[in-house]
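Below is one structure; the comments refer to it alone.
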Amino acid sequence: MPDPKGFLTTGRQTRRRRPVSERAQDWGEVYEGHPLLPVVSLQAGRCMDCGLPFCHNACPLGNLIPEWNDLVFHQDWEAAAERLHATNNFPEFTGRLCPAPCESSCVLAINADPVTIKEVEVAIADRAWSRGEVRPEPAPRATGRSVAVVGSGPAGLAGAQQLTRAGHAVTVYERADRVGGLLRYGIPDFRMAKRYLDRRIAQMRAEGTRFVTGTAVGTAVDAADLRARHDALLLAVGATAWRELALPGRELAGIHQAMEYLPIANRVCVGDLDAPTISAEGKDVVIVGGGDTAADCLGTALRQHARRVTQLDIHPQPPDTRSPDQPWPIHPKVHRLTASHEEAGHLYREQYGYPAGRPGADGAEAGGEAGDADRSGVPGGGGSPGRDLRAAAGGCSGGPDGPDIRTYAARTVRFDGTEGRVSGVTFVASAGPAAGPPGAAAEQAVPAQLVLLALGFAGPEQDSPLAGQLGLELAPQGTFARDADFATGRDGVFVAGDAGRGQSLIVWAIAEGRSAAAAVDRYLAGSTALPAPIRATHRPLVL
């Protein structure tokens with residue numbers, strides 16, 4: 001146990017965000033520099049080293065959290081990095097992007113603030129990289145077997161690295177011009193700078209993994225031919241089939257899917273484009289959707305200097321704290337204030353004169369996958385532009401720095417337009433996605449010259465010839481069918497990540513990649529020493 005009284009004597013202290021007025025003007029990460037290691041050590045000392053550490057079960061990777069907390073508390077950072085990498089190929093990714101279900105299941109969270117597991121994790125990883133302790137780990141011998149991995153998101157990268165380290169010749173095929181999948185073009189730089197991704201890819205290349213970009217398997221390369229050229233094929237193409245909103249006016253110009261909008265902004269950041277071809281600058285923007293991608297769209301629109309942003313969420317506003325029907329240790333649905341929503345509230349307070357509450361929320365707790373959210377949310381009143389609309393739809397919250405731009409319990413009913421372009425969005429109050437038709441509910445309208453649809457993803461793209469070329473079957477939910485060991489009905493073809501599981505979290509993607517790699521290694525060699533933290537049938541604990 002790091003400190004027998006640490007959880008009693010040390011309060012939870014999280015990493016501070018940069019001031020909104022500064023960070024909303026650039027694309028740098030929202031947090032201030034690197035955390036102070038003595039502070040991180042004290043936070044690790046709050047870990048109780050539970051006899052039954054529920055944080056292990058909440059994380060599909062099976063991270064050895066109490067072990068590296070103890071090592072950090074005792075200043076053995078190099079050993080902590082070794083224990084961290086024993087279960088996680090990319091802790092600097094998960095430490096920045098994961099919503100930390102491990103913290104929700106921390107035993108301290110029963111009646112107190114949980115350990116800052118996620119921040120300890122990223123501090124360990126960043127320190128190890130800065131000290132040169134993260135090195136390539138090439139296989140001691142080659143097996144003579146080759147594996148093709150299709151897709152270079154977190155599942156594909158994790159699977160490729162594990163198989164390369166097992167001695168197989170691994171080639172990763174990526175249809176985009178750069179490696180990284182969703183990590184590259186779907187995640188804004190203010191959430192994770194791409195240099196973290198680039199250095200991992202450099203490590204993998206040094207270990208022997210080969211990357212082929214700009215190649216769409218199924219069109220540029222026949223999937224069956226690819227299978228014939230390799231001893232095994234691992235499909236990690238993700239769940240990129242976005243959900244549509246087939247409503248009157250959908251054909252209007254100015255309505256885009258989030259994954260049409262976000263990659264363009266990322267390409268501007270990397271220098272591929274001088275200016276975005278889809279921009280929020282000077283526009284009233286409406287984001288339809290309430291998840292992580294919606295928050296990414298919000299943060300991006302603010303940095304493009306949108307005139308005003310409104311977010312419509314069909315779900316009712318979650319409670320500020322864990323509700324009785326979502327007991328510990330599950331990861332609860334609570335009202336979270338992401339960094340992007342904090343920015344919107346602050347900027348709109350300045351623009352519209354919203355009265356300030358307590359100063360600054362730069363130290364808000366880490367939470368949602370989209371952006372490190374305040375665990376409790378912020379109760380409060382209206383007072384923002386369009387507040388009457390939100391009140392009619394089902395509520396909004398005022399933040400410490402200004403209004404919450406989200407409109408909850410709002411069902412979009414049509415897109416309004418003028419001369420072929422969108423000019424507004426009409427919605428009605430709703431009891432949630434399972435509710436029936438809106439009926440005679442009073443309609444409300446909000447102006448919009450740009451509408452972004454962030455409704456999640458249904459599975460792999462159905463129109464891709466890849467499945468037909470390999471003779472793959474689809475599961476009822478639209479994903480590639482597979483057994484508990486990640487194998488499809490086609491010999492030597494395996495599926496990892498969201499393509500088989502459906503839309504999920506980055507920790508599940510990495511766990512899938514590691515476990516599928518073990519299955520592929522077993523198929524090739526008859527046995528495997530690679531770890532397999534989950535089976536394809538495992539699911540997170542939910543009610």
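Residue numbers start at 1 in each chain; chains themselves are named A, B, ... in the order of the structure tokens; ligands are numbered from 1 in the order shown.
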Quick check for you: according to DSSP on this backbone, which residues of range 36-172 of chain A are classed as helix (DSSP H, G or I)? Reply as number ranges by chain. A: 37-44, 54-58, 65-73, 77-85, 91-97, 101-104, 107-110, 117-130, 154-165
For Arg490 in chain A, list every protein, DNA or RNA residue within 12 Å, evaluated using only C-alpha atoms, and leave out those in the same chain fewer than 3 positions away; present the list as a PyMOL selection string. chain A and resi 223-224+227-228+232-235+467-473+480-483+486-487+493-495
Cys47 in chain A: which residues within 7 Å, counting only C-alpha atoms, same-chain residues fewer than 3 positions away excluded, as a PyMOL selection string? chain A and resi 2+7+44+66+69+115
Would you please work out which residue, of A:Gln462, A:Ser21, A:Thr9, A:Ser104, is nearest to Gln326 in chain A when using only C-alpha atoms?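 The shortest atom-to-atom distance to Gln326 in chain A comes from A:Ser104.
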Which residues are near Tyr31 in chain A? Cut-off 9 Å, only C-alpha atoms, ignore same chain within fewer than 6 positions. Put them as JSON, numbers by chain. {"A": [15, 16, 17, 18, 19, 23, 190, 362]}
Prev. selection, N, CA, C and O atoms, output as a PDB file, in the first residue's frame:
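For reference, part_1.pdb as written:
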ATOM      1  N   ARG A  15      -4.953  17.809 -12.787  1.00  0.00           N
ATOM      2  CA  ARG A  15      -4.117  18.676 -13.604  1.00  0.00           C
ATOM      3  C   ARG A  15      -4.917  19.883 -14.090  1.00  0.00           C
ATOM      4  O   ARG A  15      -6.078  19.749 -14.477  1.00  0.00           O
ATOM      5  N   ARG A  16      -4.302  21.043 -14.073  1.00  0.00           N
ATOM      6  CA  ARG A  16      -5.000  22.265 -14.465  1.00  0.00           C
ATOM      7  C   ARG A  16      -5.033  22.425 -15.978  1.00  0.00           C
ATOM      8  O   ARG A  16      -4.074  22.105 -16.674  1.00  0.00           O
ATOM      9  N   ARG A  17      -6.165  22.928 -16.428  1.00  0.00           N
ATOM     10  CA  ARG A  17      -6.277  23.286 -17.836  1.00  0.00           C
ATOM     11  C   ARG A  17      -5.728  24.694 -18.067  1.00  0.00           C
ATOM     12  O   ARG A  17      -5.743  25.520 -17.165  1.00  0.00           O
ATOM     13  N   ARG A  18      -5.270  24.933 -19.273  1.00  0.00           N
ATOM     14  CA  ARG A  18      -4.853  26.282 -19.633  1.00  0.00           C
ATOM     15  C   ARG A  18      -6.069  27.218 -19.614  1.00  0.00           C
ATOM     16  O   ARG A  18      -7.205  26.782 -19.799  1.00  0.00           O
ATOM     17  N   PRO A  19      -5.866  28.501 -19.391  1.00  0.00           N
ATOM     18  CA  PRO A  19      -6.994  29.432 -19.409  1.00  0.00           C
ATOM     19  C   PRO A  19      -7.750  29.350 -20.729  1.00  0.00           C
ATOM     20  O   PRO A  19      -7.148  29.225 -21.808  1.00  0.00           O
ATOM     21  N   ARG A  23      -6.337  28.949 -24.627  1.00  0.00           N
ATOM     22  CA  ARG A  23      -6.378  27.686 -25.361  1.00  0.00           C
ATOM     23  C   ARG A  23      -7.397  27.698 -26.495  1.00  0.00           C
ATOM     24  O   ARG A  23      -7.232  26.988 -27.495  1.00  0.00           O
ATOM     25  N   PHE A 190      -6.280  19.428 -29.925  1.00  0.00           N
ATOM     26  CA  PHE A 190      -6.400  19.951 -28.565  1.00  0.00           C
ATOM     27  C   PHE A 190      -6.707  18.844 -27.564  1.00  0.00           C
ATOM     28  O   PHE A 190      -6.593  19.051 -26.363  1.00  0.00           O
ATOM     29  N   ASP A 362     -10.701  25.636 -14.448  1.00  0.00           N
ATOM     30  CA  ASP A 362      -9.565  25.065 -15.157  1.00  0.00           C
ATOM     31  C   ASP A 362      -9.111  23.755 -14.540  1.00  0.00           C
ATOM     32  O   ASP A 362      -8.474  22.954 -15.174  1.00  0.00           O
TER      33      ASP A 362
END
Measuring between only C-alpha atoms, which one of A:Leu97, A:Ile278, A:Ala306, A:Leu466 shows the shortest distance to Val150 in chain A?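 Using only C-alpha atoms, the shortest distance to Val150 in chain A belongs to A:Leu466.
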Sorted by chain and rising residue number, which residues of range 3-79 of chain A lie within 12 Å of range 539-542 of chain A, and what are their closest atom pairs and distances in Å to one decimal, counting only C-alpha atoms, as JSON lines?
{"residue": "A:Phe54", "atom": "CA", "partner": "A:Leu541", "partner_atom": "CA", "distance": 11.3}
{"residue": "A:Cys55", "atom": "CA", "partner": "A:Leu541", "partner_atom": "CA", "distance": 11.9}
{"residue": "A:Asn57", "atom": "CA", "partner": "A:Leu541", "partner_atom": "CA", "distance": 8.9}
{"residue": "A:Ala58", "atom": "CA", "partner": "A:Pro540", "partner_atom": "CA", "distance": 7.3}
{"residue": "A:Cys59", "atom": "CA", "partner": "A:Pro540", "partner_atom": "CA", "distance": 8.6}
{"residue": "A:Pro60", "atom": "CA", "partner": "A:Pro540", "partner_atom": "CA", "distance": 7.9}
{"residue": "A:Leu61", "atom": "CA", "partner": "A:Pro540", "partner_atom": "CA", "distance": 11.6}
Which one of A:Gly459, A:Gly45, A:Gly6, A:Gly167 sits closest to Pro476 in chain A if you count only C-alpha atoms?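 Once distances to Pro476 in chain A are computed over only C-alpha atoms, the minimum belongs to A:Gly459.
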Just how far from CA of His305 in chain A is CA of Arg267 in chain A, in Å to one decimal?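 Those two atoms sit 17.5 Å apart.
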Which residue out of A:Lys283, A:Arg535, A:Arg205, A:Arg243 has the minimum interatomic distance to Ala458 in chain A when only C-alpha atoms are used?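 Nearest candidate to Ala458 in chain A out of A:Lys283, A:Arg535, A:Arg205, A:Arg243: A:Arg243.
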Find, counting only C-alpha atoms, the residue in A:Gly208, A:Gly132, A:Pro263, A:Pro138 that gets nearest to Ala169 in chain A.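 Looking only at the distances to Ala169 in chain A, the closest residue turns out to be A:Gly208.
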